[in-house]
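Participant: Structure: work_12.txt, compact mmCIF, C-alpha atoms.
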```txt
# COMPACT_ATOMS: atom_id res chain seq x y z
CA MET A 1 196.43 127.12 -26.04
CA SER A 2 196.63 128.85 -22.66
CA GLU A 3 193.79 128.23 -20.24
CA VAL A 4 193.74 131.91 -19.27
CA ARG A 5 194.13 135.12 -21.19
CA GLU A 6 197.25 136.71 -19.77
CA SER A 7 196.50 140.14 -21.23
CA VAL A 8 193.35 140.26 -19.09
CA VAL A 9 194.74 138.58 -15.99
CA GLN A 10 197.69 140.96 -15.89
CA ALA A 11 195.59 144.09 -16.53
CA ARG A 12 195.96 146.38 -13.53
CA ARG A 13 193.49 148.99 -14.76
CA VAL A 14 190.31 147.78 -16.46
CA VAL A 15 187.36 149.57 -18.01
CA VAL A 16 184.10 147.61 -17.83
CA LYS A 17 181.12 148.61 -19.96
CA ILE A 18 177.64 147.17 -19.49
CA GLY A 19 174.62 147.76 -21.71
CA SER A 20 171.01 148.59 -20.88
CA SER A 21 169.67 145.19 -21.82
CA SER A 22 171.94 143.57 -19.22
CA LEU A 23 170.69 145.84 -16.43
CA THR A 24 166.93 145.70 -16.93
CA GLY A 25 164.28 143.06 -16.48
CA PRO A 26 161.58 141.99 -18.94
CA ASP A 27 159.30 144.75 -17.62
CA GLY A 28 161.78 147.44 -18.62
CA ARG A 29 162.59 148.40 -15.03
CA LEU A 30 166.11 148.60 -13.72
CA SER A 31 166.97 145.23 -12.17
CA GLY A 32 168.40 145.66 -8.70
CA SER A 33 169.68 142.10 -8.72
CA ALA A 34 171.56 142.71 -11.99
CA VAL A 35 173.20 145.80 -10.51
CA ARG A 36 174.18 143.91 -7.35
CA ARG A 37 175.62 141.00 -9.33
CA LEU A 38 177.80 143.38 -11.31
CA ALA A 39 178.88 145.16 -8.13
CA ASP A 40 179.85 141.82 -6.57
CA VAL A 41 182.04 140.99 -9.59
CA ILE A 42 183.74 144.39 -9.71
CA ALA A 43 184.30 144.36 -5.96
CA GLY A 44 186.08 141.04 -6.39
CA VAL A 45 188.35 142.52 -9.04
CA ARG A 46 189.18 145.50 -6.84
CA ALA A 47 189.96 143.17 -3.93
CA GLN A 48 192.81 141.84 -6.09
CA GLY A 49 194.38 145.31 -6.09
CA ARG A 50 193.20 146.13 -9.60
CA GLN A 51 191.52 149.40 -10.58
CA VAL A 52 188.19 149.51 -12.39
CA VAL A 53 186.29 152.21 -14.27
CA LEU A 54 182.65 151.33 -14.97
CA VAL A 55 180.94 152.71 -18.06
CA THR A 56 177.23 152.06 -17.79
CA SER A 57 174.27 152.49 -20.05
CA GLY A 58 170.78 152.37 -18.60
CA ALA A 59 169.80 155.92 -17.63
CA ILE A 60 166.98 156.13 -20.14
CA ALA A 61 165.94 152.53 -19.47
CA ALA A 62 165.94 153.19 -15.72
CA GLY A 63 163.73 156.23 -16.23
CA LEU A 64 161.01 154.45 -18.21
CA ALA A 65 159.09 153.09 -15.22
CA PRO A 66 159.23 156.25 -13.06
CA MET A 67 158.10 158.28 -16.08
CA GLY A 68 155.31 155.81 -16.87
CA LEU A 69 156.65 155.12 -20.35
CA PRO A 70 156.18 151.69 -21.94
CA VAL A 71 159.08 151.96 -24.42
CA ARG A 72 162.18 154.04 -25.04
CA PRO A 73 161.09 157.51 -26.23
CA LYS A 74 161.93 158.47 -29.79
CA ASP A 75 161.76 162.24 -29.52
CA LEU A 76 164.81 164.02 -28.13
CA ALA A 77 163.10 166.11 -25.43
CA THR A 78 161.40 163.12 -23.83
CA ALA A 79 164.60 161.07 -24.06
CA GLN A 80 166.46 163.84 -22.26
CA ALA A 81 163.82 164.07 -19.54
CA THR A 82 163.76 160.31 -19.10
CA ALA A 83 167.56 160.20 -18.88
CA SER A 84 167.51 162.93 -16.25
CA VAL A 85 165.12 160.94 -14.04
CA GLY A 86 166.75 157.62 -14.77
CA GLN A 87 170.29 158.75 -14.06
CA GLY A 88 169.42 159.37 -10.43
CA VAL A 89 167.76 155.97 -10.15
CA LEU A 90 170.74 154.28 -11.77
CA VAL A 91 173.44 155.91 -9.64
CA ALA A 92 171.44 155.37 -6.45
CA ALA A 93 171.27 151.66 -7.24
CA TYR A 94 175.01 151.46 -7.90
CA SER A 95 175.83 153.48 -4.76
CA ALA A 96 173.81 151.13 -2.58
CA ALA A 97 175.23 148.00 -4.20
CA PHE A 98 178.85 149.10 -3.89
CA GLU A 99 178.34 150.45 -0.38
CA ASP A 100 177.78 146.85 0.72
CA HIS A 101 181.43 146.27 -0.29
CA GLY A 102 182.73 149.45 1.32
CA ILE A 103 183.33 151.03 -2.09
CA THR A 104 182.63 154.70 -2.76
CA VAL A 105 181.48 155.57 -6.27
CA GLY A 106 181.81 158.82 -8.19
CA GLN A 107 179.60 159.79 -11.11
CA VAL A 108 181.25 161.09 -14.28
CA LEU A 109 178.93 162.30 -17.05
CA LEU A 110 180.57 162.83 -20.42
CA THR A 111 179.80 163.49 -24.05
CA ALA A 112 182.16 162.54 -26.81
CA VAL A 113 181.94 166.06 -28.23
CA ASP A 114 182.98 167.58 -24.93
CA MET A 115 185.88 165.20 -24.68
CA ALA A 116 187.25 166.14 -28.09
CA ARG A 117 188.27 169.53 -26.73
CA ARG A 118 191.73 169.81 -25.24
CA SER A 119 190.78 171.45 -21.95
CA HIS A 120 187.91 169.03 -21.35
CA TYR A 121 190.11 166.04 -22.16
CA ASN A 122 192.75 167.20 -19.69
CA ASN A 123 190.09 167.86 -17.03
CA ALA A 124 188.62 164.39 -17.51
CA GLN A 125 192.01 162.75 -17.31
CA ARG A 126 192.84 164.56 -14.08
CA ALA A 127 189.45 163.69 -12.58
CA PHE A 128 189.73 160.00 -13.46
CA ASN A 129 193.27 159.70 -12.15
CA ARG A 130 192.42 161.44 -8.90
CA LEU A 131 189.31 159.34 -8.32
CA LEU A 132 191.29 156.15 -8.89
CA ASP A 133 194.14 157.35 -6.66
CA LEU A 134 191.60 157.98 -3.89
CA GLY A 135 190.14 154.49 -4.26
CA VAL A 136 186.86 155.75 -5.72
CA LEU A 137 185.13 153.74 -8.43
CA PRO A 138 184.28 156.08 -11.34
CA ILE A 139 180.88 155.33 -12.88
CA VAL A 140 180.68 156.85 -16.33
CA ASN A 141 177.67 157.50 -18.51
CA GLU A 142 177.00 159.74 -21.44
CA ASN A 143 175.33 162.98 -20.40
CA ASP A 144 172.10 162.14 -22.19
CA ALA A 145 170.08 164.71 -20.28
CA VAL A 146 171.80 167.58 -22.11
CA ALA A 147 173.07 165.78 -25.20
CA THR A 148 171.60 166.42 -28.63
CA ASP A 149 172.89 164.26 -31.46
CA GLU A 150 174.95 162.32 -28.92
CA ILE A 151 171.84 160.30 -27.99
CA ARG A 152 172.25 157.93 -30.85
CA PHE A 153 173.11 154.41 -31.85
CA GLY A 154 175.76 152.72 -29.74
CA ASP A 155 177.52 155.75 -28.31
CA ASN A 156 178.41 154.21 -24.94
CA ASP A 157 180.36 151.41 -26.60
CA ARG A 158 182.56 153.95 -28.30
CA LEU A 159 182.62 156.12 -25.18
CA ALA A 160 183.91 153.15 -23.16
CA ALA A 161 186.76 152.62 -25.61
CA LEU A 162 187.65 156.29 -25.51
CA VAL A 163 187.54 156.32 -21.71
CA ALA A 164 189.91 153.34 -21.80
CA THR A 165 192.40 155.41 -23.80
CA VAL A 166 192.05 158.40 -21.46
CA VAL A 167 192.76 156.39 -18.31
CA HIS A 168 195.45 154.30 -20.06
CA ALA A 169 193.61 151.09 -19.26
CA ASP A 170 195.22 147.72 -19.83
CA ALA A 171 191.96 146.03 -20.80
CA LEU A 172 188.39 146.84 -21.83
CA VAL A 173 185.58 144.38 -21.09
CA LEU A 174 182.34 144.92 -23.00
CA LEU A 175 179.43 143.15 -21.30
CA THR A 176 176.34 142.64 -23.40
CA ASP A 177 173.44 140.25 -24.03
CA VAL A 178 175.40 137.95 -26.36
CA ASP A 179 178.30 135.72 -25.38
CA GLY A 180 180.79 136.90 -27.99
CA LEU A 181 181.33 137.53 -31.67
CA TYR A 182 180.00 134.81 -33.95
CA THR A 183 180.79 133.83 -37.52
CA ALA A 184 177.15 134.63 -38.29
CA ALA A 185 174.20 136.03 -36.34
CA PRO A 186 173.72 133.95 -33.14
CA GLY A 187 171.09 131.32 -33.76
CA THR A 188 172.03 130.92 -37.40
CA PRO A 189 172.67 127.26 -38.22
CA GLY A 190 176.41 126.62 -38.17
CA ALA A 191 177.28 129.91 -36.44
CA GLN A 192 180.32 129.54 -34.18
CA ARG A 193 181.74 131.81 -31.52
CA ILE A 194 185.06 133.37 -32.43
CA ASP A 195 187.48 132.86 -29.53
CA GLU A 196 190.17 135.37 -30.51
CA VAL A 197 190.70 138.11 -33.07
CA HIS A 198 194.22 139.25 -33.94
CA SER A 199 193.35 141.74 -36.68
CA SER A 200 190.32 143.21 -38.41
CA ASP A 201 191.14 141.18 -41.51
CA GLU A 202 190.07 138.03 -39.65
CA ILE A 203 186.47 139.21 -39.27
CA GLY A 204 185.95 141.01 -42.57
CA GLY A 205 183.22 138.62 -43.68
CA VAL A 206 181.33 138.38 -40.39
CA ASP A 207 177.69 139.48 -40.48
CA VAL A 208 177.15 141.99 -37.65
CA SER A 209 174.05 143.70 -39.01
CA LYS A 210 171.71 142.59 -36.20
CA ARG A 211 170.70 145.49 -33.98
CA GLY A 212 170.55 145.49 -30.19
CA SER A 213 167.53 145.16 -27.94
CA ALA A 214 164.59 147.53 -27.66
CA LEU A 215 165.91 148.92 -24.38
CA GLY A 216 169.47 149.43 -25.57
CA THR A 217 170.81 151.41 -28.49
CA GLY A 218 173.87 149.41 -29.47
CA GLY A 219 174.58 146.47 -31.69
CA MET A 220 177.52 144.31 -32.70
CA ILE A 221 178.72 146.98 -35.12
CA THR A 222 179.29 149.41 -32.28
CA LYS A 223 181.07 146.74 -30.25
CA LEU A 224 183.49 146.18 -33.11
CA GLU A 225 184.02 149.93 -33.49
CA ALA A 226 184.83 150.13 -29.78
CA ALA A 227 187.18 147.15 -30.07
CA SER A 228 188.96 148.83 -32.98
CA ILE A 229 189.47 152.07 -31.07
CA ALA A 230 190.84 150.28 -28.02
CA THR A 231 193.02 147.67 -29.73
CA THR A 232 194.69 150.23 -32.00
CA SER A 233 195.57 152.03 -28.74
CA GLY A 234 197.26 148.93 -27.35
CA ILE A 235 194.34 147.85 -25.15
CA ALA A 236 193.06 144.28 -25.04
CA VAL A 237 189.28 143.92 -25.42
CA VAL A 238 186.96 141.14 -24.29
CA LEU A 239 183.39 140.95 -25.57
CA ALA A 240 181.28 138.70 -23.36
CA SER A 241 177.83 138.24 -21.89
CA ALA A 242 176.97 139.97 -18.61
CA PRO A 243 176.46 136.66 -16.73
CA ALA A 244 180.04 135.73 -17.69
CA ALA A 245 181.49 138.96 -16.27
CA ALA A 246 183.47 137.26 -13.51
CA ASP A 247 184.98 134.74 -15.89
CA ALA A 248 185.80 137.44 -18.46
CA LEU A 249 187.59 139.59 -15.88
CA ALA A 250 189.44 136.54 -14.54
CA GLY A 251 190.84 135.91 -18.00
CA ARG A 252 188.94 132.69 -18.58
CA ARG A 253 188.20 131.77 -22.16
CA VAL A 254 184.69 133.16 -22.47
CA GLY A 255 183.46 135.57 -25.11
CA THR A 256 185.82 136.94 -27.74
CA LEU A 257 189.26 138.38 -27.07
CA PHE A 258 190.48 141.13 -29.39
CA HIS A 259 194.26 141.38 -29.21
CA PRO A 260 195.94 144.81 -29.19
CA THR A 261 197.18 145.91 -32.59
CA GLY A 262 198.70 149.29 -31.71
CA LYS A 263 201.11 150.80 -29.24
CA ARG A 264 200.35 152.04 -25.73
CA ASP A 265 201.33 155.61 -26.57
CA THR A 266 197.96 157.20 -27.24
CA THR A 267 197.11 160.75 -26.33
CA ARG A 268 194.03 162.87 -26.64
CA LEU A 269 194.51 162.59 -30.43
CA GLN A 270 192.80 159.22 -30.13
CA TRP A 271 189.75 161.16 -29.05
CA LEU A 272 190.19 163.46 -32.00
CA ALA A 273 190.30 160.59 -34.46
CA HIS A 274 187.27 158.77 -33.07
CA ALA A 275 185.20 160.88 -30.71
CA ALA A 276 183.34 163.96 -31.79
CA ARG A 277 181.82 165.16 -34.98
CA THR A 278 183.90 167.87 -36.54
CA ARG A 279 182.59 171.43 -36.44
CA GLY A 280 183.93 172.57 -39.79
CA THR A 281 186.23 171.92 -42.70
CA ILE A 282 189.46 173.51 -43.84
CA VAL A 283 190.47 172.95 -47.46
CA VAL A 284 194.22 172.89 -48.08
CA ASP A 285 196.34 173.02 -51.23
CA SER A 286 198.32 170.08 -52.57
CA GLY A 287 201.55 171.11 -50.86
CA ALA A 288 199.93 171.35 -47.46
CA ALA A 289 198.16 168.02 -48.03
CA ARG A 290 201.49 166.31 -48.75
CA ALA A 291 203.04 167.80 -45.63
CA LEU A 292 200.12 166.70 -43.49
CA ARG A 293 200.16 163.17 -44.84
CA GLY A 294 203.87 162.99 -44.14
CA ARG A 295 203.34 164.31 -40.60
CA ARG A 296 206.08 166.80 -41.29
CA ALA A 297 204.56 170.14 -40.35
CA SER A 298 201.85 172.15 -38.68
CA LEU A 299 199.12 173.61 -40.84
CA LEU A 300 200.00 177.16 -41.82
CA SER A 301 197.38 179.55 -43.09
CA ALA A 302 199.38 179.98 -46.31
CA GLY A 303 198.34 176.47 -47.34
CA VAL A 304 194.61 177.06 -46.75
CA THR A 305 192.33 177.75 -49.69
CA GLU A 306 188.89 177.63 -48.08
CA VAL A 307 187.23 177.57 -44.65
CA ARG A 308 183.78 176.02 -44.20
CA GLY A 309 181.43 175.83 -41.26
CA ALA A 310 181.27 177.62 -37.93
CA PHE A 311 183.76 176.55 -35.28
CA GLU A 312 185.59 178.07 -32.36
CA ALA A 313 189.25 177.79 -31.42
CA GLY A 314 189.90 174.38 -29.87
CA GLU A 315 187.11 172.58 -31.72
CA PRO A 316 187.78 169.67 -34.12
CA VAL A 317 187.83 170.25 -37.86
CA ASP A 318 188.47 168.09 -40.89
CA LEU A 319 191.30 169.00 -43.23
CA ILE A 320 190.66 168.02 -46.84
CA GLY A 321 192.85 168.16 -49.90
CA PRO A 322 192.05 169.68 -53.30
CA ASP A 323 190.42 166.40 -54.38
CA GLY A 324 187.99 166.44 -51.44
CA THR A 325 189.68 163.59 -49.55
CA VAL A 326 189.96 163.94 -45.79
CA VAL A 327 193.68 164.18 -45.08
CA ALA A 328 193.72 164.84 -41.36
CA ARG A 329 191.72 166.04 -38.40
CA GLY A 330 192.85 168.69 -35.99
CA PHE A 331 191.95 171.05 -33.18
CA ALA A 332 191.59 174.51 -34.68
CA GLY A 333 193.89 177.13 -33.25
CA PHE A 334 191.56 179.90 -34.36
CA SER A 335 187.84 180.36 -34.94
CA ALA A 336 186.31 179.91 -38.39
CA GLU A 337 185.96 183.67 -38.76
CA GLU A 338 189.60 184.22 -37.89
CA ALA A 339 190.75 181.33 -40.10
CA HIS A 340 188.83 182.79 -43.03
CA ALA A 341 190.66 186.09 -42.60
CA MET A 342 194.00 184.26 -42.35
CA LYS A 343 193.70 181.84 -45.29
CA GLY A 344 196.39 182.04 -47.93
CA LEU A 345 198.53 184.50 -45.97
CA SER A 346 202.13 183.95 -44.89
CA THR A 347 203.23 184.39 -41.31
CA ASP A 348 204.92 187.71 -42.09
CA VAL A 349 201.81 189.07 -43.80
CA LEU A 350 199.64 187.90 -40.92
CA ARG A 351 201.87 189.73 -38.47
CA GLU A 352 201.76 192.88 -40.56
CA ARG A 353 198.02 192.89 -41.32
CA LEU A 354 196.42 191.26 -38.30
CA GLY A 355 198.98 191.51 -35.53
CA GLU A 356 201.36 189.25 -33.62
CA HIS A 357 198.52 187.10 -32.21
CA PHE A 358 197.78 185.76 -35.69
CA ALA A 359 201.39 185.08 -36.66
CA HIS A 360 201.10 181.41 -35.67
CA GLU A 361 200.16 178.08 -37.22
CA LEU A 362 196.48 177.56 -37.89
CA ILE A 363 196.73 174.07 -36.37
CA HIS A 364 199.84 172.91 -34.52
CA ILE A 365 201.37 169.57 -35.48
CA ASP A 366 200.72 168.28 -31.94
CA ASP A 367 197.00 168.92 -32.50
CA LEU A 368 196.79 166.94 -35.76
CA VAL A 369 196.06 163.32 -36.55
CA VAL A 370 196.35 161.90 -40.07
CA MET A 371 193.16 160.06 -41.00
```
Take the structure in this file and express it as structure tokens.
Facilitator:
Amino acid sequence: MSEVRESVVQARRVVVKIGSSSLTGPDGRLSGSAVRRLADVIAGVRAQGRQVVLVTSGAIAAGLAPMGLPVRPKDLATAQATASVGQGVLVAAYSAAFEDHGITVGQVLLTAVDMARRSHYNNAQRAFNRLLDLGVLPIVNENDAVATDEIRFGDNDRLAALVATVVHADALVLLTDVDGLYTAAPGTPGAQRIDEVHSSDEIGGVDVSKRGSALGTGGMITKLEAASIATTSGIAVVLASAPAAADALAGRRVGTLFHPTGKRDTTRLQWLAHAARTRGTIVVDSGAARALRGRRASLLSAGVTEVRGAFEAGEPVDLIGPDGTVVARGFAGFSAEEAHAMKGLSTDVLRERLGEHFAHELIHIDDLVVM
């Protein structure tokens, strides 16, 4: 067995995600020392000529003390307000910590729903690449201050994995308050840390039902979801404790390594498969369902039998077959109102009745992913 994990050591571009519980003290306040320790580790990685993108939780946790709140708020409006205050506190702490190393940081606020749209995905990709080219450290957080249903269980774990696919990272390191994946809940008699995972089949019987801390929102389930997204995109994942960050990024055998299971050829369709909630549903006939499953064709309006929900062009929709099974997911080429008017019509009829603008596929094959 190798003493180091080559997939991590050789990673030239790494996404690091840290959770709220690893950034705050027992009093619920943002821990300046925790932020500085993380900055020291990341600065060391960058000194090796490697690029880092930091995905951080902690905005709501950082806002608790300034807002005079004893615990994480449960109602959406207060959570948004607390995130708004806390985000400034959080970024200021990171800016000061990295300034000591001569590193400039840039804040990137995202929501998974935003990133499911083609134009937003392309904008994010350009922004990340340019920041990294300029030597800036991108610090990413979910835009909790304006999010609605995005403020929910474990979103930043998934967001980190999706960011890793956008920037074509070589490795994703998830830093948390546990030191890896165990065969049972940590503390359970006989529970053992799992050193490496080569496929999801190896951990099918592992109990990951324990939820995260009171300050955070994640749990082991969300870490495994993030690992699945990244590894199926050809990205190695390490799950480790925050105090072991330096060792994890150096490829030492701490935490749990999830080996890549897919190819490094992902596109924004990875976002489509995993990121946002769909805005509507398009029901297709059996012939269209077969074509979609075989990845042989775009979705034509002639194969559509029903349009449900309210969505705009460019938003994600589920495509379901006659039996109600989700066949694929795609970015709609037309709004729900337009799709409803187009359903069941051939291209020639569309051109004749609605005009040349509508004589196109409802969803192009390049905007589809089979589920």
Participant: What's around Val167 (chain A) at 12 Å? Count all atoms listed in the file, leave out sequence neighbours fewer than 5 positions away in its own chain, and write the answer as JSON, numbers by chain.
Facilitator: {"A": [12, 13, 14, 15, 51, 52, 53, 54, 121, 122, 123, 124, 125, 126, 127, 128, 129, 130, 131, 132, 133, 138, 160, 161, 162, 172, 230, 233, 235, 264, 265, 266, 267, 268]}
Participant: Excluding Thr56 (chain A) and any residue of its chain fewer than 5 positions from it, enumerate the residues within 8 Å of it, using all atoms listed in the file, and give them as number ranges by chain.
Facilitator: A: 17-20, 139-141, 156
Participant: From the set A:Leu30, A:Leu174, A:Ala184, A:Met220, which residue has the shortest atom-to-atom contact distance to Val238 (chain A), counting only C-alpha atoms?
Facilitator: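 Among the listed residues, the smallest separation from Val238 (chain A) belongs to A:Leu174.
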Participant: Please provide the set of residues having any atom within 10 Å of Ser335 (chain A), restricted to all atoms listed in the file, with same-chain residues fewer than 4 positions apart removed, written as a count of residues only.
Facilitator: 11
Participant: Any idea what the distance is between CA of Thr104 (chain A) and CA of Arg46 (chain A)?
Facilitator: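 Straight-line distance from CA of Thr104 (chain A) to CA of Arg46 (chain A) works out to 12.0 Å.
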Participant: For CA of Ala65 (chain A) and CA of Ala240 (chain A), quote the distance in Å rounded to one decimal.
Facilitator: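 Separation between CA of Ala65 (chain A) and CA of Ala240 (chain A): 27.7 Å.
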Participant: I'd like to know which of A:Gln87, A:Thr256, A:Asn143, A:Thr231 is closest to Thr111 (chain A), using only C-alpha atoms.
Facilitator: A:Asn143
Participant: Would you kindly identify which residues have an atom no farther than 7 Å from (183.3, 133.6, -39.7), using all atoms listed in the file and the file's own coordinates, and write them out as a ChimeraX atom specification?
Facilitator: /A:182-184,203,205-206
Participant: Rounded to one decimal, what separation in Å do you get between CA of Ala59 (chain A) and CA of Leu249 (chain A)?
Facilitator: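 We find that CA of Ala59 (chain A) and CA of Leu249 (chain A) lie 24.2 Å from each other.
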Participant: With only C-alpha atoms as the atoms that count, which of A:Gly88, A:Pro26, A:Pro243, A:Gly58 lies nearest to Val41 (chain A)?
Facilitator: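 The closest residue to Val41 (chain A) is A:Pro243.
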Participant: Give me the residues within 12 Å of Ala245 (chain A) as a ChimeraX atom specification, counting all atoms listed in the file and dropping any in the same chain fewer than 5 places off.
Facilitator: /A:16-18,22,34,37-45,172-180,238-240,250-255
Participant: Which is closest to Glu3 (chain A) among A:Ala185, A:Asp247, A:Leu300, A:His198, if we use all atoms listed in the file?
Facilitator: A:Asp247
Participant: Find, counting only C-alpha atoms, the residue in A:Asp323, A:Thr78, A:Gly234, A:Glu142 that gets nearest to Thr165 (chain A).
Facilitator: A:Gly234
Participant: Which residue out of A:Gly28, A:Gly287, A:Gly262, A:Gly106 has the minimum interatomic distance to Gly68 (chain A) when all atoms listed in the file are used?
Facilitator: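 Ranking A:Gly28, A:Gly287, A:Gly262, A:Gly106 by distance to Gly68 (chain A), first place goes to A:Gly28.
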Participant: As a list in words, please: the residues near Thr278 (chain A) (cut-off 7 Å, all atoms listed in the file, same-chain neighbours under 4 positions excluded).
Facilitator: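 With the cut-off at 7 Å, the set is Pro316, Val317 and Asp318 of chain A.
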Participant: Would you please take region 157-169 of chain A of the structure in the block above and write N, CA, C and O atoms to a file as an mmCIF file, in the first residue's frame?
Facilitator:
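Produced file result10.cif, reproduced below:
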```cif
data_model
loop_
_atom_site.group_PDB
_atom_site.id
_atom_site.type_symbol
_atom_site.label_atom_id
_atom_site.label_comp_id
_atom_site.auth_asym_id
_atom_site.auth_seq_id
_atom_site.Cartn_x
_atom_site.Cartn_y
_atom_site.Cartn_z
ATOM 1 N N ASP A 157 -22.130 20.989 0.509
ATOM 2 C CA ASP A 157 -21.381 19.795 0.130
ATOM 3 C C ASP A 157 -21.591 19.515 -1.352
ATOM 4 O O ASP A 157 -20.645 19.278 -2.100
ATOM 5 N N ARG A 158 -22.833 19.518 -1.755
ATOM 6 C CA ARG A 158 -23.150 19.279 -3.157
ATOM 7 C C ARG A 158 -22.613 20.409 -4.025
ATOM 8 O O ARG A 158 -22.078 20.180 -5.110
ATOM 9 N N LEU A 159 -22.751 21.639 -3.556
ATOM 10 C CA LEU A 159 -22.246 22.785 -4.296
ATOM 11 C C LEU A 159 -20.748 22.650 -4.539
ATOM 12 O O LEU A 159 -20.247 22.941 -5.628
ATOM 13 N N ALA A 160 -20.013 22.189 -3.543
ATOM 14 C CA ALA A 160 -18.565 22.014 -3.693
ATOM 15 C C ALA A 160 -18.250 21.008 -4.788
ATOM 16 O O ALA A 160 -17.323 21.209 -5.589
ATOM 17 N N ALA A 161 -19.000 19.916 -4.828
ATOM 18 C CA ALA A 161 -18.766 18.904 -5.859
ATOM 19 C C ALA A 161 -19.079 19.464 -7.243
ATOM 20 O O ALA A 161 -18.369 19.198 -8.222
ATOM 21 N N LEU A 162 -20.136 20.255 -7.325
ATOM 22 C CA LEU A 162 -20.501 20.832 -8.608
ATOM 23 C C LEU A 162 -19.497 21.888 -9.046
ATOM 24 O O LEU A 162 -19.163 21.985 -10.224
ATOM 25 N N VAL A 163 -18.991 22.661 -8.104
ATOM 26 C CA VAL A 163 -17.933 23.623 -8.420
ATOM 27 C C VAL A 163 -16.700 22.874 -8.939
ATOM 28 O O VAL A 163 -16.035 23.314 -9.884
ATOM 29 N N ALA A 164 -16.404 21.737 -8.333
ATOM 30 C CA ALA A 164 -15.257 20.943 -8.772
ATOM 31 C C ALA A 164 -15.410 20.515 -10.226
ATOM 32 O O ALA A 164 -14.429 20.476 -10.977
ATOM 33 N N THR A 165 -16.632 20.209 -10.639
ATOM 34 C CA THR A 165 -16.840 19.826 -12.042
ATOM 35 C C THR A 165 -16.719 21.040 -12.950
ATOM 36 O O THR A 165 -16.206 20.943 -14.061
ATOM 37 N N VAL A 166 -17.184 22.200 -12.501
ATOM 38 C CA VAL A 166 -17.128 23.403 -13.321
ATOM 39 C C VAL A 166 -15.684 23.816 -13.594
ATOM 40 O O VAL A 166 -15.322 24.190 -14.710
ATOM 41 N N VAL A 167 -14.849 23.773 -12.569
ATOM 42 C CA VAL A 167 -13.463 24.232 -12.719
ATOM 43 C C VAL A 167 -12.537 23.112 -13.190
ATOM 44 O O VAL A 167 -11.334 23.315 -13.313
ATOM 45 N N HIS A 168 -13.114 21.921 -13.449
ATOM 46 C CA HIS A 168 -12.329 20.759 -13.878
ATOM 47 C C HIS A 168 -11.214 20.467 -12.880
ATOM 48 O O HIS A 168 -10.035 20.325 -13.239
ATOM 49 N N ALA A 169 -11.605 20.385 -11.616
ATOM 50 C CA ALA A 169 -10.641 20.101 -10.557
ATOM 51 C C ALA A 169 -10.126 18.672 -10.667
ATOM 52 O O ALA A 169 -10.791 17.792 -11.235
#
```
